[in-house]
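The structure appears right after this line, and notes come after that.
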Amino acid sequence: MKRCIIIGKPNAGKTLFTLNFAAYLGTTPLHVAFRQDNTTNWKTYRLDEAVQQLTSSKPHHTLGLQELIVTLPARKGAKRIQLIDTCGLVEGIPAEQDIRRAMAATLAAVRDAHLILHIIDASRVKAAGTVEALGEVDYQVAQFGQLRDGYLILANKIDLPEAKEGLDIIAREFAAHQVIPISALYQQGFKAVKQFVQRHI
Amino acid sequence: MGDWLHSLHHDEVLRFLCEGKLSTADALRLLRQTQPAGAAAKDKAAPPTTNPDALRQALAELNLLVGLQEVKGLVREILAFVEIQNRRRQEGLNTEPTVLHMIFKGNPGTGKTTVARILGKILHEMAVLPKGHLVEVERADLVGEYIGHTALKTREQVRKALGGILFIDEAYSLARGGEKDFGKEAIDTLVKAMEDHKNQFILILAGYRLEMEWFLQTNPGLRSRFPIHIDFVDYTLDELLQIAELFVAERQYKLSPGAKTKLLRILQKKVSDSEGNFGNARLVRNLLEKAIRQQAVRLVSLTRPTREELMLITAQDLEGRETL
């Protein structure tokens with residue numbers, strides 16, 4: 001089974017995207033596997049429960065890997081892929097051991113993934129000094145992505161008015177990569193993401 | 001970052017990150033630079049990074065194709081052109097824009113799709129195309145059902161092909177059906193996309209020779225946009241036999257002398273029956289795939305077939321296939 005990892009800065013909307021995208025693909029209910037420190041716990045949610053319990057407006061709500069298996073229609077029948085939601089990547093060296101450990105787990109998963117969906121918060125691209133702002137980590141992820149079967153940038157929060165300018169910046173900064181504007185909250189742009197994933201599995 | 005860091009193993013990079021000795025960006029950079037060959041995505045078709053080996057491999061793949069001398073020559077011409085334009089650019093000389101849209105003319109089974117696919121790989125390795133994948137479509141994928149639908153569908157296919165090759169099989173069918181047909185809209189959208197996404201994808205229109213000629217005549221604007229025309233001639237009987245032998249050898253089978261004669265007779269009959277307009281290489285493949293199944297039926301009743309028997313395809317296995 002191909003592994004599709006969702007990475008990006010904290011609070012970029014990775015978890016919300018993962019849950020809503022799984023739901024968009026017709027996955028219901030959501031069986032989420034939580035992997036942290038060599039243990040795995042399974043839990044089943046309805047979409048609204050999952051969104052309520054697993055997402056937050058504060059950074060670093062996700063501190064382990066959260067995996068979901070989704071089914072995509074393929075040329076012959078259907079294909080199952082694993083969506084892996086991860087802990088946000090921060091610039092520099094974070095002070096908290098928990099976050100460092102979670103990020104190491106994220107990078108280990110990135111290393112083994114076939115597809116990388118890189119989420120950038122388009123509304124905060126220029127918000128220098130905040131965790132969401134565009135930074136070195138994003139550029140490194142983009143370079144890393146080139147080594148994979150598929151690498152896609154999702155410019156998230158496009159429903160916000162500030163995102164317009166951010167999208168332009170992202171498109172300019174990552175001109176060599178495909179960028180799809182999405183709203184994880186309102187499931188906008190998901191069709192294009194689905195087609196991209198289908199093409200690369 | 002000290003140089004010694006580059007000798008770190010992946011697990012050590014992750015441990016250092018965990019222990020707060022490395023920043024996230026540095027860890028990512030190290031993971032990328034120390035990427036063990038074919039580490040994660042083992043099952044990917046071609047590595048995306050440009051490397052001379054992959055180029056050589058793709059070229060070898062092309063050369064291994066039986067016949068197609070004209071095609072191979074043209075591909076070499078294109079490669080030389082791209083290479084020289086690159087060097088001229090490095091020297092600051094004026095360069096010709098590299099327009100590489102193509103028309104492939106030939107009967108079914110003459111290798112048009114195969115060549116397009118290999119071409120994608122080669123151009124990818126030469127850094128002409130960022131991805132080099134092949135998106136293969138036909139009329140039904142482009143033409144919609146109501147006004148405006150066609151442009152939408154066509155643009156979607158172009159978008160999928162960005163960075164690679166859009167291959168339209170039986171392209172002349174876009175012009176059939178007269179003025180009111182939506183095929184016309186598809187052509188217009190494609191022409192516009194060729195302008196909008198210059199150098200971002202290569203468009204290949206493929207189809208029967210005569211139909212394609214007619215297609216280009218009815219759309220005079222098209223011809224000038226496709227600088228490269230490649231004729232795929234039908235394979236000769238000799239070449240078809242070579243293809244057959246390659247096909248079985250790849251699968252570790254052998255044709256007995258009787259089977260070869262038999263195959264030649266079947267092919268001869270096909271050629272004379274259909275005035276050269278038949279399945280070509282595809283027919284050979286179908287015949288042999290049937291023969292391999294037939295051989296299995298023949299052997300399955302034997303208690304202990306020898307290694308030789310397991311490999312050999314006899315005339316009997318091809319028997320009765322003439323009605324195909």
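Chain labels run A, B, ... following the order of the structure tokens; each chain numbers its residues from 1, and ligands are numbered from 1 in the order shown.
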
For this session: Tell me which protein, DNA and RNA residues are within 9 Å of range 261-269 of chain B, counting only C-alpha atoms, leaving out same-chain ones fewer than 5 positions away, and put them as a list in words.
Result: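 Residues near the query, excluding close chain neighbours: Leu237, Asp238, Leu240, Leu241, Ala244, Ser256, Ser274, Asn280, Leu283, Val284, Leu287, Ala315, Gln316, Leu318, Glu319, Arg321 and Glu322 of chain B.
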
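Neighbouring residues of Met102 in chain B at 7 Å or closer, counting only C-alpha atoms and skipping chain neighbours under 2 positions away, are Leu100, Phe104, Leu203, Ile204, Leu205, Phe226, Pro227, Ile228 and His229 of chain B.
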
Output of the above residues as a short mmCIF file (atom, residue, chain, number, x, y, z; two decimals), in the first residue's frame, restricted to all heavy atoms:
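Final output, saved to again19.cif:
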data_model
loop_
_atom_site.label_atom_id
_atom_site.label_comp_id
_atom_site.auth_asym_id
_atom_site.auth_seq_id
_atom_site.Cartn_x
_atom_site.Cartn_y
_atom_site.Cartn_z
N LEU B 100 8.72 21.21 -29.46
CA LEU B 100 8.88 19.78 -29.75
C LEU B 100 7.54 19.07 -29.91
O LEU B 100 7.43 17.88 -29.69
CB LEU B 100 9.69 19.11 -28.64
CG LEU B 100 11.16 19.52 -28.56
CD1 LEU B 100 11.82 18.91 -27.34
CD2 LEU B 100 11.92 19.09 -29.80
N PHE B 104 2.62 11.88 -34.97
CA PHE B 104 3.02 10.50 -35.23
C PHE B 104 2.02 9.89 -36.20
O PHE B 104 0.84 9.83 -35.88
CB PHE B 104 3.02 9.67 -33.93
CG PHE B 104 4.20 9.91 -33.04
CD1 PHE B 104 5.10 10.92 -33.28
CD2 PHE B 104 4.39 9.08 -31.92
CE1 PHE B 104 6.19 11.14 -32.44
CE2 PHE B 104 5.48 9.28 -31.07
CZ PHE B 104 6.37 10.31 -31.33
N LEU B 203 2.96 18.11 -26.97
CA LEU B 203 1.72 17.52 -27.48
C LEU B 203 2.07 16.61 -28.64
O LEU B 203 2.75 17.02 -29.58
CB LEU B 203 0.78 18.65 -27.93
CG LEU B 203 -0.58 18.24 -28.44
CD1 LEU B 203 -1.34 17.44 -27.40
CD2 LEU B 203 -1.39 19.46 -28.84
N ILE B 204 1.61 15.38 -28.58
CA ILE B 204 1.82 14.46 -29.69
C ILE B 204 0.45 14.04 -30.22
O ILE B 204 -0.39 13.54 -29.47
CB ILE B 204 2.62 13.22 -29.26
CG1 ILE B 204 4.02 13.63 -28.79
CG2 ILE B 204 2.73 12.23 -30.42
CD1 ILE B 204 4.90 12.46 -28.37
N LEU B 205 0.22 14.29 -31.50
CA LEU B 205 -1.02 13.83 -32.12
C LEU B 205 -0.68 12.59 -32.93
O LEU B 205 0.23 12.60 -33.74
CB LEU B 205 -1.58 14.92 -33.05
CG LEU B 205 -1.86 16.29 -32.44
CD1 LEU B 205 -2.47 17.21 -33.49
CD2 LEU B 205 -2.81 16.16 -31.26
N PHE B 226 3.36 22.06 -35.34
CA PHE B 226 3.99 20.77 -35.07
C PHE B 226 5.20 20.60 -35.97
O PHE B 226 5.09 20.11 -37.10
CB PHE B 226 2.99 19.64 -35.29
CG PHE B 226 1.90 19.62 -34.27
CD1 PHE B 226 0.76 20.38 -34.44
CD2 PHE B 226 2.01 18.85 -33.13
CE1 PHE B 226 -0.24 20.39 -33.48
CE2 PHE B 226 1.02 18.84 -32.16
CZ PHE B 226 -0.11 19.61 -32.35
N PRO B 227 6.36 21.01 -35.49
CA PRO B 227 7.54 20.99 -36.35
C PRO B 227 8.04 19.58 -36.65
O PRO B 227 8.76 19.38 -37.60
CB PRO B 227 8.58 21.78 -35.56
CG PRO B 227 8.13 21.75 -34.16
CD PRO B 227 6.65 21.59 -34.16
N ILE B 228 7.65 18.62 -35.84
CA ILE B 228 8.23 17.28 -36.01
C ILE B 228 7.16 16.29 -36.46
O ILE B 228 6.15 16.10 -35.78
CB ILE B 228 8.88 16.80 -34.70
CG1 ILE B 228 9.98 17.77 -34.29
CG2 ILE B 228 9.43 15.39 -34.86
CD1 ILE B 228 10.45 17.61 -32.87
N HIS B 229 7.37 15.70 -37.61
CA HIS B 229 6.46 14.66 -38.10
C HIS B 229 7.22 13.35 -38.18
O HIS B 229 8.29 13.31 -38.78
CB HIS B 229 5.94 15.02 -39.48
CG HIS B 229 5.00 16.19 -39.47
ND1 HIS B 229 3.81 16.20 -40.14
CD2 HIS B 229 5.06 17.38 -38.83
CE1 HIS B 229 3.19 17.35 -39.93
NE2 HIS B 229 3.93 18.09 -39.13
#

Give me the residues near range 23-27 of chain A as a PDB file with all heavy atoms, in the first residue's frame, where near means some atom within 8 Å (using only C-alpha atoms) and where sequence neighbours in that chain fewer than 2 positions away do not count.
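The resulting file, result-v8.pdb, is shown below:
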ATOM      1  N   LEU A  19      -8.526  14.749   7.713  1.00  0.00           N
ATOM      2  CA  LEU A  19      -9.852  14.244   8.080  1.00  0.00           C
ATOM      3  C   LEU A  19     -10.878  14.575   6.997  1.00  0.00           C
ATOM      4  O   LEU A  19     -11.639  13.709   6.551  1.00  0.00           O
ATOM      5  CB  LEU A  19     -10.287  14.840   9.421  1.00  0.00           C
ATOM      6  CG  LEU A  19      -9.406  14.461  10.613  1.00  0.00           C
ATOM      7  CD1 LEU A  19      -9.825  15.241  11.857  1.00  0.00           C
ATOM      8  CD2 LEU A  19      -9.447  12.960  10.883  1.00  0.00           C
ATOM      9  N   ASN A  20     -10.891  15.843   6.575  1.00  0.00           N
ATOM     10  CA  ASN A  20     -11.872  16.238   5.571  1.00  0.00           C
ATOM     11  C   ASN A  20     -11.623  15.568   4.230  1.00  0.00           C
ATOM     12  O   ASN A  20     -12.564  15.243   3.506  1.00  0.00           O
ATOM     13  CB  ASN A  20     -11.873  17.765   5.405  1.00  0.00           C
ATOM     14  CG  ASN A  20     -12.926  18.416   6.273  1.00  0.00           C
ATOM     15  OD1 ASN A  20     -13.883  17.754   6.682  1.00  0.00           O
ATOM     16  ND2 ASN A  20     -12.764  19.693   6.547  1.00  0.00           N
ATOM     17  N   PHE A  21     -10.343  15.348   3.905  1.00  0.00           N
ATOM     18  CA  PHE A  21     -10.023  14.698   2.634  1.00  0.00           C
ATOM     19  C   PHE A  21     -10.470  13.239   2.671  1.00  0.00           C
ATOM     20  O   PHE A  21     -11.028  12.722   1.707  1.00  0.00           O
ATOM     21  CB  PHE A  21      -8.523  14.812   2.357  1.00  0.00           C
ATOM     22  CG  PHE A  21      -8.121  14.382   0.969  1.00  0.00           C
ATOM     23  CD1 PHE A  21      -8.713  14.962  -0.151  1.00  0.00           C
ATOM     24  CD2 PHE A  21      -7.159  13.402   0.774  1.00  0.00           C
ATOM     25  CE1 PHE A  21      -8.341  14.574  -1.440  1.00  0.00           C
ATOM     26  CE2 PHE A  21      -6.785  13.010  -0.507  1.00  0.00           C
ATOM     27  CZ  PHE A  21      -7.375  13.589  -1.613  1.00  0.00           C
ATOM     28  N   PRO A  29     -17.170   5.408   8.866  1.00  0.00           N
ATOM     29  CA  PRO A  29     -16.574   6.363   9.800  1.00  0.00           C
ATOM     30  C   PRO A  29     -15.050   6.365   9.634  1.00  0.00           C
ATOM     31  O   PRO A  29     -14.513   5.591   8.861  1.00  0.00           O
ATOM     32  CB  PRO A  29     -16.975   5.806  11.158  1.00  0.00           C
ATOM     33  CG  PRO A  29     -17.078   4.331  10.928  1.00  0.00           C
ATOM     34  CD  PRO A  29     -17.564   4.151   9.522  1.00  0.00           C
ATOM     35  N   LEU A  30     -14.375   7.231  10.398  1.00  0.00           N
ATOM     36  CA  LEU A  30     -12.926   7.333  10.269  1.00  0.00           C
ATOM     37  C   LEU A  30     -12.239   6.484  11.342  1.00  0.00           C
ATOM     38  O   LEU A  30     -12.407   6.724  12.526  1.00  0.00           O
ATOM     39  CB  LEU A  30     -12.507   8.802  10.429  1.00  0.00           C
ATOM     40  CG  LEU A  30     -13.165   9.775   9.449  1.00  0.00           C
ATOM     41  CD1 LEU A  30     -12.925  11.213   9.883  1.00  0.00           C
ATOM     42  CD2 LEU A  30     -12.649   9.569   8.042  1.00  0.00           C
ATOM     43  N   LEU A  47     -16.978  12.087  11.384  1.00  0.00           N
ATOM     44  CA  LEU A  47     -16.164  13.213  10.926  1.00  0.00           C
ATOM     45  C   LEU A  47     -16.219  14.391  11.909  1.00  0.00           C
ATOM     46  O   LEU A  47     -15.191  14.944  12.300  1.00  0.00           O
ATOM     47  CB  LEU A  47     -16.609  13.661   9.526  1.00  0.00           C
ATOM     48  CG  LEU A  47     -15.856  14.885   8.986  1.00  0.00           C
ATOM     49  CD1 LEU A  47     -14.375  14.605   8.801  1.00  0.00           C
ATOM     50  CD2 LEU A  47     -16.461  15.368   7.679  1.00  0.00           C
ATOM     51  N   VAL A  70      -7.615   5.107   3.224  1.00  0.00           N
ATOM     52  CA  VAL A  70      -8.699   5.554   2.351  1.00  0.00           C
ATOM     53  C   VAL A  70      -8.651   4.765   1.046  1.00  0.00           C
ATOM     54  O   VAL A  70      -7.635   4.190   0.692  1.00  0.00           O
ATOM     55  CB  VAL A  70      -8.593   7.066   2.032  1.00  0.00           C
ATOM     56  CG1 VAL A  70      -8.747   7.889   3.282  1.00  0.00           C
ATOM     57  CG2 VAL A  70      -7.301   7.386   1.333  1.00  0.00           C
ATOM     58  N   THR A  71      -9.779   4.757   0.373  1.00  0.00           N
ATOM     59  CA  THR A  71      -9.874   4.023  -0.888  1.00  0.00           C
ATOM     60  C   THR A  71     -10.124   5.005  -2.021  1.00  0.00           C
ATOM     61  O   THR A  71     -10.963   5.883  -1.908  1.00  0.00           O
ATOM     62  CB  THR A  71     -11.039   3.018  -0.823  1.00  0.00           C
ATOM     63  OG1 THR A  71     -10.903   2.280   0.382  1.00  0.00           O
ATOM     64  CG2 THR A  71     -11.001   2.071  -1.994  1.00  0.00           C
ATOM     65  N   LEU A  72      -9.348   4.864  -3.067  1.00  0.00           N
ATOM     66  CA  LEU A  72      -9.495   5.739  -4.231  1.00  0.00           C
ATOM     67  C   LEU A  72      -9.883   4.889  -5.429  1.00  0.00           C
ATOM     68  O   LEU A  72      -9.306   3.829  -5.633  1.00  0.00           O
ATOM     69  CB  LEU A  72      -8.155   6.391  -4.548  1.00  0.00           C
ATOM     70  CG  LEU A  72      -7.793   7.671  -3.823  1.00  0.00           C
ATOM     71  CD1 LEU A  72      -6.328   7.957  -4.014  1.00  0.00           C
ATOM     72  CD2 LEU A  72      -8.608   8.811  -4.363  1.00  0.00           C
ATOM     73  N   GLN A 187     -13.421  22.136   2.213  1.00  0.00           N
ATOM     74  CA  GLN A 187     -13.182  21.098   1.206  1.00  0.00           C
ATOM     75  C   GLN A 187     -13.065  21.677  -0.204  1.00  0.00           C
ATOM     76  O   GLN A 187     -13.485  21.055  -1.172  1.00  0.00           O
ATOM     77  CB  GLN A 187     -14.293  20.037   1.244  1.00  0.00           C
ATOM     78  CG  GLN A 187     -14.419  19.358   2.587  1.00  0.00           C
ATOM     79  CD  GLN A 187     -15.182  18.038   2.513  1.00  0.00           C
ATOM     80  OE1 GLN A 187     -15.687  17.645   1.480  1.00  0.00           O
ATOM     81  NE2 GLN A 187     -15.231  17.323   3.619  1.00  0.00           N
ATOM     82  N   PHE A 190     -10.353  20.042  -3.410  1.00  0.00           N
ATOM     83  CA  PHE A 190     -10.074  18.628  -3.119  1.00  0.00           C
ATOM     84  C   PHE A 190     -10.094  17.751  -4.363  1.00  0.00           C
ATOM     85  O   PHE A 190      -9.426  16.743  -4.428  1.00  0.00           O
ATOM     86  CB  PHE A 190     -11.082  18.077  -2.098  1.00  0.00           C
ATOM     87  CG  PHE A 190     -10.731  18.451  -0.683  1.00  0.00           C
ATOM     88  CD1 PHE A 190      -9.903  19.517  -0.414  1.00  0.00           C
ATOM     89  CD2 PHE A 190     -11.234  17.705   0.381  1.00  0.00           C
ATOM     90  CE1 PHE A 190      -9.579  19.855   0.894  1.00  0.00           C
ATOM     91  CE2 PHE A 190     -10.917  18.033   1.692  1.00  0.00           C
ATOM     92  CZ  PHE A 190     -10.089  19.111   1.944  1.00  0.00           C
TER      93      PHE A 190
END

Problem set entry | Shell around Lys14 in chain A at 7 Å using only C-alpha atoms, local window under 4 positions removed, as a VMD selection string | chain A and resid 6 to 7 18 85 119

For this session: Using only C-alpha atoms, determine which residues lie at most 12 Å from Ala142 in chain A, disregarding the query and same-chain residues fewer than 2 positions distant; provide the list as a ChimeraX atom specification.
Result: /A:7-8,110,116-120,134-140,144-148,150-154,170,173-179 /B:25,28-29,32
